[in-house]
Number of protein chains: 2
Amino acid sequence: MQNTRPILAWETLLELAAVPGPRATLRDRLETALRRAIDDGTLPLGSALPPSRALAETLGVSRWVVTEVYGQLVAEGVLDARTGSATTVAVTAPTHTPGRGPRSTPAVTTPPRFDLRPGLPDLRGIPRARWAAALRAALTELPDQAFAADHGRGHDAARETLVTYLARSRRVAASAGDVVITHGATDGMRQLARELHRRGHRHLLVEDPSWPRLRDVAEESGLTVVSVPVDADGIDATALEAAASATGARAALLTPAHQFPLGAALSPQRREQIVSWARCADAVLIEDDYDAEFRYDRRPVAALQRLAPDRVVLIGSLSKSVAPGIGLGWMVLPPGFELTTATGIPSLIDQAALAHFVTHGDLERHLRRSRMRFRHRRGRLLDALDRELEDLRRTLGGLEVTGIAAGMHLVLSLPPGMDAADVTGRASAHSLALVPLRRYVLERPRPEALVLGYGDLDDALVDEAAALLAGVLRAAAAA
Amino acid sequence: MQNTRPILAWETLLELAAVPGPRATLRDRLETALRRAIDDGTLPLGSALPPSRALAETLGVSRWVVTEVYGQLVAEGVLDARTGSATTVAVTAPTHTPGRGPRSTPAVTTPPRFDLRPGLPDLRGIPRARWAAALRAALTELPDQAFAADHGRGHDAARETLVTYLARSRRVAASAGDVVITHGATDGMRQLARELHRRGHRHLLVEDPSWPRLRDVAEESGLTVVSVPVDADGIDATALEAAASATGARAALLTPAHQFPLGAALSPQRREQIVSWARCADAVLIEDDYDAEFRYDRRPVAALQRLAPDRVVLIGSLSKSVAPGIGLGWMVLPPGFELTTATGIPSLIDQAALAHFVTHGDLERHLRRSRMRFRHRRGRLLDALDRELEDLRRTLGGLEVTGIAAGMHLVLSLPPGMDAADVTGRASAHSLALVPLRRYVLERPRPEALVLGYGDLDDALVDEAAALLAGVLRAAAAA
């Protein structure tokens, strides 16, 4: 017998983790189970994990549960996910003190002190008082009957207010009847993906790299995602056409205002080209307008929707502008585009509060204040990185910062030969949470880099976080 | 050419109704289209409509859109839906004034003055101030990080509060970890039906008659509903077992506390029998606990869940106790029962408000007040019906009232030979909205009856509504 270590039966993986208490989500349980299997040596250094889709099927869980857990462990450097090869275990089991049994799982619930993961706005800045006022106004003003009815696409006042706001801020060309109120961008994408599938779509063109959640939702609805490359002008329109021809795809998910995570704005020429393609191919363009309000070099880029209201579905939410926990978003559909897959709309009170919040200028006031705050923090972070990384840039090369013109994150390239998973693993030991760019990659390898989010980073910790990052990079280079 | 009237091409039906403005929902458009086709003579008296499933497929819309519209028009007596035969047009086109063109569609948006349709609580009694206070407290007390995270099954405080409340009021045996916060009962049923389908279920046993919305949601998720008869002790447990054997169904949707719409409480013997069946057949029992809080003759019947926490999924919401528009509900799952179909949870603020509302006794205070209010209104309605229907009962027979021990509706049998669709049609001309029992029938014919809801009926209008109803019945009998 060559190998005496226990073999992990993947289908029993979740049973390993009945421990964290009944409140644990499936995601938490999978994460704990994987950590434990690594800690107790069941999965030694270098072990290959199944592809996320295969493991999801084996366990009977949604694929995003697996990708989220893999992503988390990759971000911490516990797993290694090199593009094109299997995800592997990147750490050795800790040495056990005899008689104490396996080390307890890392405290996954403690938030990191320095959180540089992208995706969150400044939660310290949530306009609580104004939102409370909007809720109070909604509760005072809504007629009794509003609490009863089936509101279809949403509360009329909210839809009317949103379409005016979107016309003003994003130059969206639509009428209130085209707006659907959703629980957020993911909810919108889910409704849309189901509808596309119902209409016979089987493929969705997506940017590579891109935010995984919306791709996963599309896959859960039965669509196969097709990778299209991205460069400094945004998604490659010619490659998109080629991928569409090759697969028959007639739908594309795009971030035209601010490509996630690389940061490009889709160029005017490409916009025209993609819209022309959509017209010829009778295709649907899905515009994920996730953080377009935060642009620091010029006025926000207008929505792609404006160029082709008959072809574009715009998806937006309050997640990046206010907070994800508020659970409100919207879709702007082409005129006559019906969503036949019934789904619930958010609380009427919340919708009426949204109408009040926008009508009274609270949203735009909050956005102005957030924009100033993020611009200031961005400047401070760039200064700190310049200061802290100066010698490393000289000695190691790389460490270039890109994607800074908008949003709440930037991309930091790593020196040649340095491994992002190694860096995130080392950083996590210092309570510094980082995400490698490769976490967003679908199938097209890119140079190693980190995506640094500063939306929810405490201003007082910016300098310390940059110094800590420099220390981690120095240690990674020396190893 | 025998027939010169235009033939309606069903697949173009929706195109007929592009008129009501872009804000119209699919449901509204279908309703308008059908009304118009009837008004302009395209669909003359007696024309057969396609079965709802067929029309839904032809139009590419969700089936509930069609059933809702048919149900509305049946309730108004515009359509006739006799069990076992096709839905037919029950009215003649109005005579047109020459030169004025077809009559405009009836003003469907005007709420009826006397609304006796079941399903709504008293919207005049919504605890606006207390809910506003709960929202304000939530916004003040929630930590920043609560606005960020993926909360899995919902906000912990809301789940902990709910499980305590449900143990107290419904004798539910569960831990907070078993609770999932939903957008309402329909949302819960949708998640559950998808999960059952994913696990290989293909049939769902349902009570006949029952509330159509939850059945439709199950069908949309790919489950075929199987009718099981209901009598004075609730669903027939022996018939349920037989239907399960015949179809292989291993899931049942039940209203044990208060059968909708007939009003029985499921007897203890049948509870035991159904739970035994579920254990032997490895089946899932779905308990739709829709209005169990409102019981007038004794303490509320305990939840079926208590008998078999390992077999029962309890679905509840604030729709009947507070208002549908609040968009909050819950599920209690068996321990270890995973929902792998990801879906969004409601606003964290709403969830924290729910926790506050329940913890501070506001929900139970509101329920006590509502119970008194409904009991009083019920008594008043029963008195008024006795008074107004006395002579009709003597001369025509029937007109018995049943199902009064709980909830916010009762069942009024019609005199022999009287047609409920005829009655609802006549009533609608007097702005009195009624629903025939047959609207809830799946395939087992029942004697003609009306389901009279008094949840949202203005107390000041009860006597007038009863008198109006008596007048309508008198006219129907005379016709």
# chains A, B, ... in the order shown; residues from 1 in each chain; ligands from 1

$ closest_atom_pairs --of "chain A" --to "chain B" --cutoff "7 Å" --atoms "only C-alpha atoms" --output "JSON lines"
{"residue": "A:Pro22", "atom": "CA", "partner": "B:Gly177", "partner_atom": "CA", "distance": 4.6}
{"residue": "A:Arg23", "atom": "CA", "partner": "B:Gly177", "partner_atom": "CA", "distance": 3.9}
{"residue": "A:Thr25", "atom": "CA", "partner": "B:Gly152", "partner_atom": "CA", "distance": 5.8}
{"residue": "A:Val61", "atom": "CA", "partner": "B:Thr340", "partner_atom": "CA", "distance": 4.9}
{"residue": "A:Ser62", "atom": "CA", "partner": "B:Thr340", "partner_atom": "CA", "distance": 5.3}
{"residue": "A:Leu120", "atom": "CA", "partner": "B:Ala148", "partner_atom": "CA", "distance": 6.9}
{"residue": "A:Leu123", "atom": "CA", "partner": "B:Asp144", "partner_atom": "CA", "distance": 5.3}
{"residue": "A:Arg124", "atom": "CA", "partner": "B:Asp144", "partner_atom": "CA", "distance": 6.0}
{"residue": "A:Arg128", "atom": "CA", "partner": "B:Leu139", "partner_atom": "CA", "distance": 6.0}
{"residue": "A:Ala132", "atom": "CA", "partner": "B:Arg136", "partner_atom": "CA", "distance": 5.8}
{"residue": "A:Arg136", "atom": "CA", "partner": "B:Ala132", "partner_atom": "CA", "distance": 5.8}
{"residue": "A:Leu139", "atom": "CA", "partner": "B:Arg128", "partner_atom": "CA", "distance": 6.0}
{"residue": "A:Asp144", "atom": "CA", "partner": "B:Leu123", "partner_atom": "CA", "distance": 5.4}
{"residue": "A:Gln145", "atom": "CA", "partner": "B:Leu123", "partner_atom": "CA", "distance": 6.9}
{"residue": "A:Phe147", "atom": "CA", "partner": "B:Gly325", "partner_atom": "CA", "distance": 4.2}
{"residue": "A:Ala148", "atom": "CA", "partner": "B:Pro324", "partner_atom": "CA", "distance": 5.6}
{"residue": "A:Gly152", "atom": "CA", "partner": "B:Thr25", "partner_atom": "CA", "distance": 5.7}
{"residue": "A:Arg153", "atom": "CA", "partner": "B:Thr25", "partner_atom": "CA", "distance": 6.8}
{"residue": "A:Ala176", "atom": "CA", "partner": "B:Arg23", "partner_atom": "CA", "distance": 6.7}
{"residue": "A:Gly177", "atom": "CA", "partner": "B:Arg23", "partner_atom": "CA", "distance": 3.9}
{"residue": "A:Asp178", "atom": "CA", "partner": "B:Pro22", "partner_atom": "CA", "distance": 7.0}
{"residue": "A:Asp187", "atom": "CA", "partner": "B:Gly344", "partner_atom": "CA", "distance": 6.6}
{"residue": "A:Ala323", "atom": "CA", "partner": "B:Phe147", "partner_atom": "CA", "distance": 5.9}
{"residue": "A:Pro324", "atom": "CA", "partner": "B:Ala148", "partner_atom": "CA", "distance": 5.6}
{"residue": "A:Gly325", "atom": "CA", "partner": "B:Phe147", "partner_atom": "CA", "distance": 4.2}
{"residue": "A:Ile326", "atom": "CA", "partner": "B:Ser347", "partner_atom": "CA", "distance": 4.8}
{"residue": "A:Gly327", "atom": "CA", "partner": "B:Ser347", "partner_atom": "CA", "distance": 4.5}
{"residue": "A:Thr340", "atom": "CA", "partner": "B:Val61", "partner_atom": "CA", "distance": 4.9}
{"residue": "A:Thr341", "atom": "CA", "partner": "B:Ser62", "partner_atom": "CA", "distance": 6.0}
{"residue": "A:Ala342", "atom": "CA", "partner": "B:Ser62", "partner_atom": "CA", "distance": 6.8}
{"residue": "A:Gly344", "atom": "CA", "partner": "B:Asp187", "partner_atom": "CA", "distance": 6.6}
{"residue": "A:Pro346", "atom": "CA", "partner": "B:Gly327", "partner_atom": "CA", "distance": 6.1}
{"residue": "A:Ser347", "atom": "CA", "partner": "B:Gly327", "partner_atom": "CA", "distance": 4.5}
{"residue": "A:Leu348", "atom": "CA", "partner": "B:Gly325", "partner_atom": "CA", "distance": 5.1}
{"residue": "A:Ile349", "atom": "CA", "partner": "B:Ile326", "partner_atom": "CA", "distance": 6.6}

$ residues_around --residues "region 247-261 of chain A" --least-positions-apart "3" --cutoff "6 Å" --atoms "only C-alpha atoms" --output "list in words"
His203, Leu204, Leu205, Val206, Ser210, Ala244, Ala264, Ala265, Leu266, Ala283, Val284, Leu285, Ile286, Glu287, Asp288, Ala292 and Val301 of chain A

$ select_by_dssp --residues "region 249-305 of chain A" --states "strand (DSSP E or B)" --output "PyMOL selection string"
chain A and resi 251-254+284-288+295

$ write_last_selection --atoms "all heavy atoms" --output "compact mmCIF listing (two decimals), in the first residue's frame"
# COMPACT_ATOMS: atom_id res chain seq x y z
N ALA A 251 -26.79 36.91 -26.92
CA ALA A 251 -26.93 37.74 -25.72
C ALA A 251 -25.55 37.96 -25.14
O ALA A 251 -24.70 37.07 -25.18
CB ALA A 251 -27.84 37.06 -24.69
N ALA A 252 -25.31 39.17 -24.63
CA ALA A 252 -24.00 39.50 -24.05
C ALA A 252 -24.19 40.30 -22.78
O ALA A 252 -25.05 41.16 -22.70
CB ALA A 252 -23.17 40.29 -25.06
N LEU A 253 -23.37 39.98 -21.79
CA LEU A 253 -23.38 40.69 -20.51
C LEU A 253 -22.15 41.59 -20.47
O LEU A 253 -21.03 41.10 -20.54
CB LEU A 253 -23.35 39.67 -19.36
CG LEU A 253 -23.15 40.20 -17.93
CD1 LEU A 253 -24.28 41.15 -17.54
CD2 LEU A 253 -23.06 39.03 -16.95
N LEU A 254 -22.38 42.89 -20.34
CA LEU A 254 -21.30 43.87 -20.50
C LEU A 254 -21.25 44.85 -19.33
O LEU A 254 -22.28 45.13 -18.71
CB LEU A 254 -21.52 44.67 -21.79
CG LEU A 254 -21.79 43.88 -23.08
CD1 LEU A 254 -22.24 44.82 -24.18
CD2 LEU A 254 -20.53 43.12 -23.49
N VAL A 284 -29.63 40.44 -27.56
CA VAL A 284 -29.92 41.24 -26.36
C VAL A 284 -28.60 41.61 -25.70
O VAL A 284 -27.75 40.75 -25.48
CB VAL A 284 -30.78 40.44 -25.37
CG1 VAL A 284 -31.03 41.24 -24.10
CG2 VAL A 284 -32.09 40.01 -26.01
N LEU A 285 -28.42 42.90 -25.40
CA LEU A 285 -27.23 43.35 -24.67
C LEU A 285 -27.64 43.65 -23.23
O LEU A 285 -28.57 44.42 -23.00
CB LEU A 285 -26.65 44.61 -25.32
CG LEU A 285 -26.28 44.47 -26.80
CD1 LEU A 285 -25.85 45.82 -27.37
CD2 LEU A 285 -25.17 43.43 -26.97
N ILE A 286 -26.96 43.04 -22.28
CA ILE A 286 -27.25 43.28 -20.87
C ILE A 286 -26.18 44.19 -20.31
O ILE A 286 -25.00 43.83 -20.31
CB ILE A 286 -27.30 41.95 -20.09
CG1 ILE A 286 -28.28 40.99 -20.76
CG2 ILE A 286 -27.68 42.21 -18.64
CD1 ILE A 286 -28.16 39.56 -20.25
N GLU A 287 -26.59 45.38 -19.90
CA GLU A 287 -25.64 46.37 -19.40
C GLU A 287 -25.65 46.33 -17.88
O GLU A 287 -26.61 46.78 -17.25
CB GLU A 287 -26.04 47.76 -19.91
CG GLU A 287 -25.13 48.86 -19.39
CD GLU A 287 -25.30 50.17 -20.15
OE1 GLU A 287 -26.41 50.39 -20.72
OE2 GLU A 287 -24.34 50.97 -20.19
N ASP A 288 -24.59 45.80 -17.29
CA ASP A 288 -24.45 45.78 -15.84
C ASP A 288 -23.85 47.11 -15.42
O ASP A 288 -22.64 47.31 -15.49
CB ASP A 288 -23.57 44.59 -15.43
CG ASP A 288 -23.26 44.59 -13.94
OD1 ASP A 288 -23.98 45.28 -13.18
OD2 ASP A 288 -22.31 43.90 -13.53
N ARG A 295 -17.02 58.29 -11.07
CA ARG A 295 -16.05 58.55 -12.14
C ARG A 295 -15.28 59.79 -11.68
O ARG A 295 -15.88 60.77 -11.23
CB ARG A 295 -16.82 58.83 -13.43
CG ARG A 295 -15.97 59.07 -14.67
CD ARG A 295 -15.86 57.83 -15.55
NE ARG A 295 -14.53 57.79 -16.13
CZ ARG A 295 -13.96 56.67 -16.60
NH1 ARG A 295 -14.62 55.55 -16.60
NH2 ARG A 295 -12.74 56.71 -17.07

$ atom_distance --atom1 "CA of Leu73 (chain A)" --atom2 "CA of Gly316 (chain A)"
29.0 Å

$ select_by_dssp --residues "region 222-345 of chain A" --states "helix (DSSP H, G or I)" --output "PyMOL selection string"
chain A and resi 237-247+268-281+304-307+324-326

$ atom_distance --atom1 "CA of Leu262 (chain A)" --atom2 "CA of Pro300 (chain A)"
16.8 Å

$ atom_distance --atom1 "CA of Ala167 (chain A)" --atom2 "CA of Arg369 (chain A)"
20.7 Å

$ residues_around --residues "Leu452 (chain B)" --least-positions-apart "2" --cutoff "12 Å" --atoms "only C-alpha atoms" --output "ChimeraX atom specification"
/B:75,114-120,261-263,378,381-382,385,401-404,407-413,424,432-437,449-450,454-457,462,465-466,469

$ closest_residue --among "A:Gln305, A:Thr67, A:Gln269, A:Ser221" --to "Val172 (chain A)" --atoms "only C-alpha atoms"
A:Gln305

$ decode --residues "region 148-163 of chain B" --atoms "all heavy atoms" --output "PDB file, in the first residue's frame"
ATOM      1  N   ALA B 148     -23.552  44.629   4.461  1.00  0.00           N
ATOM      2  CA  ALA B 148     -22.663  44.130   3.421  1.00  0.00           C
ATOM      3  C   ALA B 148     -22.886  42.671   3.107  1.00  0.00           C
ATOM      4  O   ALA B 148     -22.957  42.270   1.956  1.00  0.00           O
ATOM      5  CB  ALA B 148     -21.226  44.304   3.880  1.00  0.00           C
ATOM      6  N   ALA B 149     -23.015  41.885   4.143  1.00  0.00           N
ATOM      7  CA  ALA B 149     -22.717  40.467   4.025  1.00  0.00           C
ATOM      8  C   ALA B 149     -23.796  39.702   3.288  1.00  0.00           C
ATOM      9  O   ALA B 149     -24.940  40.142   3.160  1.00  0.00           O
ATOM     10  CB  ALA B 149     -22.525  39.901   5.410  1.00  0.00           C
ATOM     11  N   ASP B 150     -23.409  38.537   2.832  1.00  0.00           N
ATOM     12  CA  ASP B 150     -24.316  37.553   2.285  1.00  0.00           C
ATOM     13  C   ASP B 150     -24.876  36.802   3.483  1.00  0.00           C
ATOM     14  O   ASP B 150     -24.179  36.051   4.141  1.00  0.00           O
ATOM     15  CB  ASP B 150     -23.508  36.624   1.389  1.00  0.00           C
ATOM     16  CG  ASP B 150     -24.361  35.551   0.768  1.00  0.00           C
ATOM     17  OD1 ASP B 150     -25.527  35.396   1.183  1.00  0.00           O
ATOM     18  OD2 ASP B 150     -23.859  34.869  -0.136  1.00  0.00           O
ATOM     19  N   HIS B 151     -26.146  37.027   3.782  1.00  0.00           N
ATOM     20  CA  HIS B 151     -26.696  36.493   5.016  1.00  0.00           C
ATOM     21  C   HIS B 151     -27.308  35.107   4.862  1.00  0.00           C
ATOM     22  O   HIS B 151     -27.994  34.652   5.761  1.00  0.00           O
ATOM     23  CB  HIS B 151     -27.727  37.465   5.597  1.00  0.00           C
ATOM     24  CG  HIS B 151     -27.115  38.711   6.151  1.00  0.00           C
ATOM     25  ND1 HIS B 151     -27.003  38.954   7.489  1.00  0.00           N
ATOM     26  CD2 HIS B 151     -26.530  39.776   5.538  1.00  0.00           C
ATOM     27  CE1 HIS B 151     -26.401  40.124   7.682  1.00  0.00           C
ATOM     28  NE2 HIS B 151     -26.110  40.634   6.511  1.00  0.00           N
ATOM     29  N   GLY B 152     -27.091  34.468   3.747  1.00  0.00           N
ATOM     30  CA  GLY B 152     -27.565  33.096   3.583  1.00  0.00           C
ATOM     31  C   GLY B 152     -29.065  32.980   3.763  1.00  0.00           C
ATOM     32  O   GLY B 152     -29.836  33.441   2.926  1.00  0.00           O
ATOM     33  N   ARG B 153     -29.465  32.388   4.855  1.00  0.00           N
ATOM     34  CA  ARG B 153     -30.887  32.164   5.087  1.00  0.00           C
ATOM     35  C   ARG B 153     -31.602  33.372   5.676  1.00  0.00           C
ATOM     36  O   ARG B 153     -32.810  33.305   5.908  1.00  0.00           O
ATOM     37  CB  ARG B 153     -31.052  30.979   6.047  1.00  0.00           C
ATOM     38  CG  ARG B 153     -30.636  29.667   5.426  1.00  0.00           C
ATOM     39  CD  ARG B 153     -30.840  28.506   6.370  1.00  0.00           C
ATOM     40  NE  ARG B 153     -30.882  27.266   5.601  1.00  0.00           N
ATOM     41  CZ  ARG B 153     -31.331  26.103   6.073  1.00  0.00           C
ATOM     42  NH1 ARG B 153     -31.779  26.019   7.303  1.00  0.00           N
ATOM     43  NH2 ARG B 153     -31.347  25.045   5.316  1.00  0.00           N
ATOM     44  N   GLY B 154     -30.878  34.432   5.940  1.00  0.00           N
ATOM     45  CA  GLY B 154     -31.516  35.628   6.466  1.00  0.00           C
ATOM     46  C   GLY B 154     -30.765  36.170   7.677  1.00  0.00           C
ATOM     47  O   GLY B 154     -29.808  35.568   8.155  1.00  0.00           O
ATOM     48  N   HIS B 155     -31.235  37.319   8.128  1.00  0.00           N
ATOM     49  CA  HIS B 155     -30.628  38.010   9.266  1.00  0.00           C
ATOM     50  C   HIS B 155     -30.825  37.163  10.528  1.00  0.00           C
ATOM     51  O   HIS B 155     -31.942  36.734  10.823  1.00  0.00           O
ATOM     52  CB  HIS B 155     -31.338  39.358   9.406  1.00  0.00           C
ATOM     53  CG  HIS B 155     -30.769  40.261  10.442  1.00  0.00           C
ATOM     54  ND1 HIS B 155     -29.435  40.595  10.499  1.00  0.00           N
ATOM     55  CD2 HIS B 155     -31.350  40.923  11.470  1.00  0.00           C
ATOM     56  CE1 HIS B 155     -29.233  41.424  11.506  1.00  0.00           C
ATOM     57  NE2 HIS B 155     -30.381  41.636  12.114  1.00  0.00           N
ATOM     58  N   ASP B 156     -29.751  36.940  11.256  1.00  0.00           N
ATOM     59  CA  ASP B 156     -29.827  36.048  12.421  1.00  0.00           C
ATOM     60  C   ASP B 156     -30.879  36.479  13.437  1.00  0.00           C
ATOM     61  O   ASP B 156     -31.647  35.659  13.939  1.00  0.00           O
ATOM     62  CB  ASP B 156     -28.459  35.958  13.111  1.00  0.00           C
ATOM     63  CG  ASP B 156     -27.500  35.072  12.338  1.00  0.00           C
ATOM     64  OD1 ASP B 156     -27.971  34.337  11.451  1.00  0.00           O
ATOM     65  OD2 ASP B 156     -26.294  35.123  12.612  1.00  0.00           O
ATOM     66  N   ALA B 157     -30.929  37.766  13.741  1.00  0.00           N
ATOM     67  CA  ALA B 157     -31.862  38.231  14.776  1.00  0.00           C
ATOM     68  C   ALA B 157     -33.304  37.940  14.357  1.00  0.00           C
ATOM     69  O   ALA B 157     -34.131  37.514  15.168  1.00  0.00           O
ATOM     70  CB  ALA B 157     -31.665  39.719  15.025  1.00  0.00           C
ATOM     71  N   ALA B 158     -33.599  38.143  13.081  1.00  0.00           N
ATOM     72  CA  ALA B 158     -34.962  37.889  12.599  1.00  0.00           C
ATOM     73  C   ALA B 158     -35.295  36.403  12.716  1.00  0.00           C
ATOM     74  O   ALA B 158     -36.401  36.030  13.127  1.00  0.00           O
ATOM     75  CB  ALA B 158     -35.105  38.358  11.155  1.00  0.00           C
ATOM     76  N   ARG B 159     -34.346  35.561  12.403  1.00  0.00           N
ATOM     77  CA  ARG B 159     -34.599  34.115  12.450  1.00  0.00           C
ATOM     78  C   ARG B 159     -34.760  33.643  13.884  1.00  0.00           C
ATOM     79  O   ARG B 159     -35.609  32.809  14.184  1.00  0.00           O
ATOM     80  CB  ARG B 159     -33.474  33.385  11.730  1.00  0.00           C
ATOM     81  CG  ARG B 159     -33.405  33.801  10.253  1.00  0.00           C
ATOM     82  CD  ARG B 159     -32.059  33.474   9.643  1.00  0.00           C
ATOM     83  NE  ARG B 159     -31.929  32.059   9.447  1.00  0.00           N
ATOM     84  CZ  ARG B 159     -30.760  31.394   9.494  1.00  0.00           C
ATOM     85  NH1 ARG B 159     -29.643  32.042   9.762  1.00  0.00           N
ATOM     86  NH2 ARG B 159     -30.724  30.110   9.288  1.00  0.00           N
ATOM     87  N   GLU B 160     -33.945  34.204  14.772  1.00  0.00           N
ATOM     88  CA  GLU B 160     -34.062  33.810  16.184  1.00  0.00           C
ATOM     89  C   GLU B 160     -35.393  34.281  16.772  1.00  0.00           C
ATOM     90  O   GLU B 160     -36.076  33.547  17.484  1.00  0.00           O
ATOM     91  CB  GLU B 160     -32.882  34.383  16.989  1.00  0.00           C
ATOM     92  CG  GLU B 160     -31.630  33.519  16.840  1.00  0.00           C
ATOM     93  CD  GLU B 160     -30.339  34.298  17.043  1.00  0.00           C
ATOM     94  OE1 GLU B 160     -30.381  35.359  17.701  1.00  0.00           O
ATOM     95  OE2 GLU B 160     -29.302  33.839  16.531  1.00  0.00           O
ATOM     96  N   THR B 161     -35.774  35.512  16.456  1.00  0.00           N
ATOM     97  CA  THR B 161     -37.036  36.029  16.962  1.00  0.00           C
ATOM     98  C   THR B 161     -38.214  35.224  16.431  1.00  0.00           C
ATOM     99  O   THR B 161     -39.139  34.892  17.168  1.00  0.00           O
ATOM    100  CB  THR B 161     -37.200  37.503  16.526  1.00  0.00           C
ATOM    101  OG1 THR B 161     -36.012  38.190  16.849  1.00  0.00           O
ATOM    102  CG2 THR B 161     -38.372  38.133  17.204  1.00  0.00           C
ATOM    103  N   LEU B 162     -38.173  34.912  15.133  1.00  0.00           N
ATOM    104  CA  LEU B 162     -39.285  34.186  14.518  1.00  0.00           C
ATOM    105  C   LEU B 162     -39.458  32.805  15.123  1.00  0.00           C
ATOM    106  O   LEU B 162     -40.584  32.360  15.367  1.00  0.00           O
ATOM    107  CB  LEU B 162     -39.070  34.056  13.013  1.00  0.00           C
ATOM    108  CG  LEU B 162     -39.577  35.214  12.175  1.00  0.00           C
ATOM    109  CD1 LEU B 162     -39.165  35.031  10.729  1.00  0.00           C
ATOM    110  CD2 LEU B 162     -41.098  35.331  12.292  1.00  0.00           C
ATOM    111  N   VAL B 163     -38.344  32.120  15.356  1.00  0.00           N
ATOM    112  CA  VAL B 163     -38.470  30.748  15.846  1.00  0.00           C
ATOM    113  C   VAL B 163     -39.078  30.753  17.251  1.00  0.00           C
ATOM    114  O   VAL B 163     -39.870  29.875  17.599  1.00  0.00           O
ATOM    115  CB  VAL B 163     -37.111  30.011  15.741  1.00  0.00           C
ATOM    116  CG1 VAL B 163     -36.235  30.248  16.941  1.00  0.00           C
ATOM    117  CG2 VAL B 163     -37.342  28.529  15.507  1.00  0.00           C
TER     118      VAL B 163
END
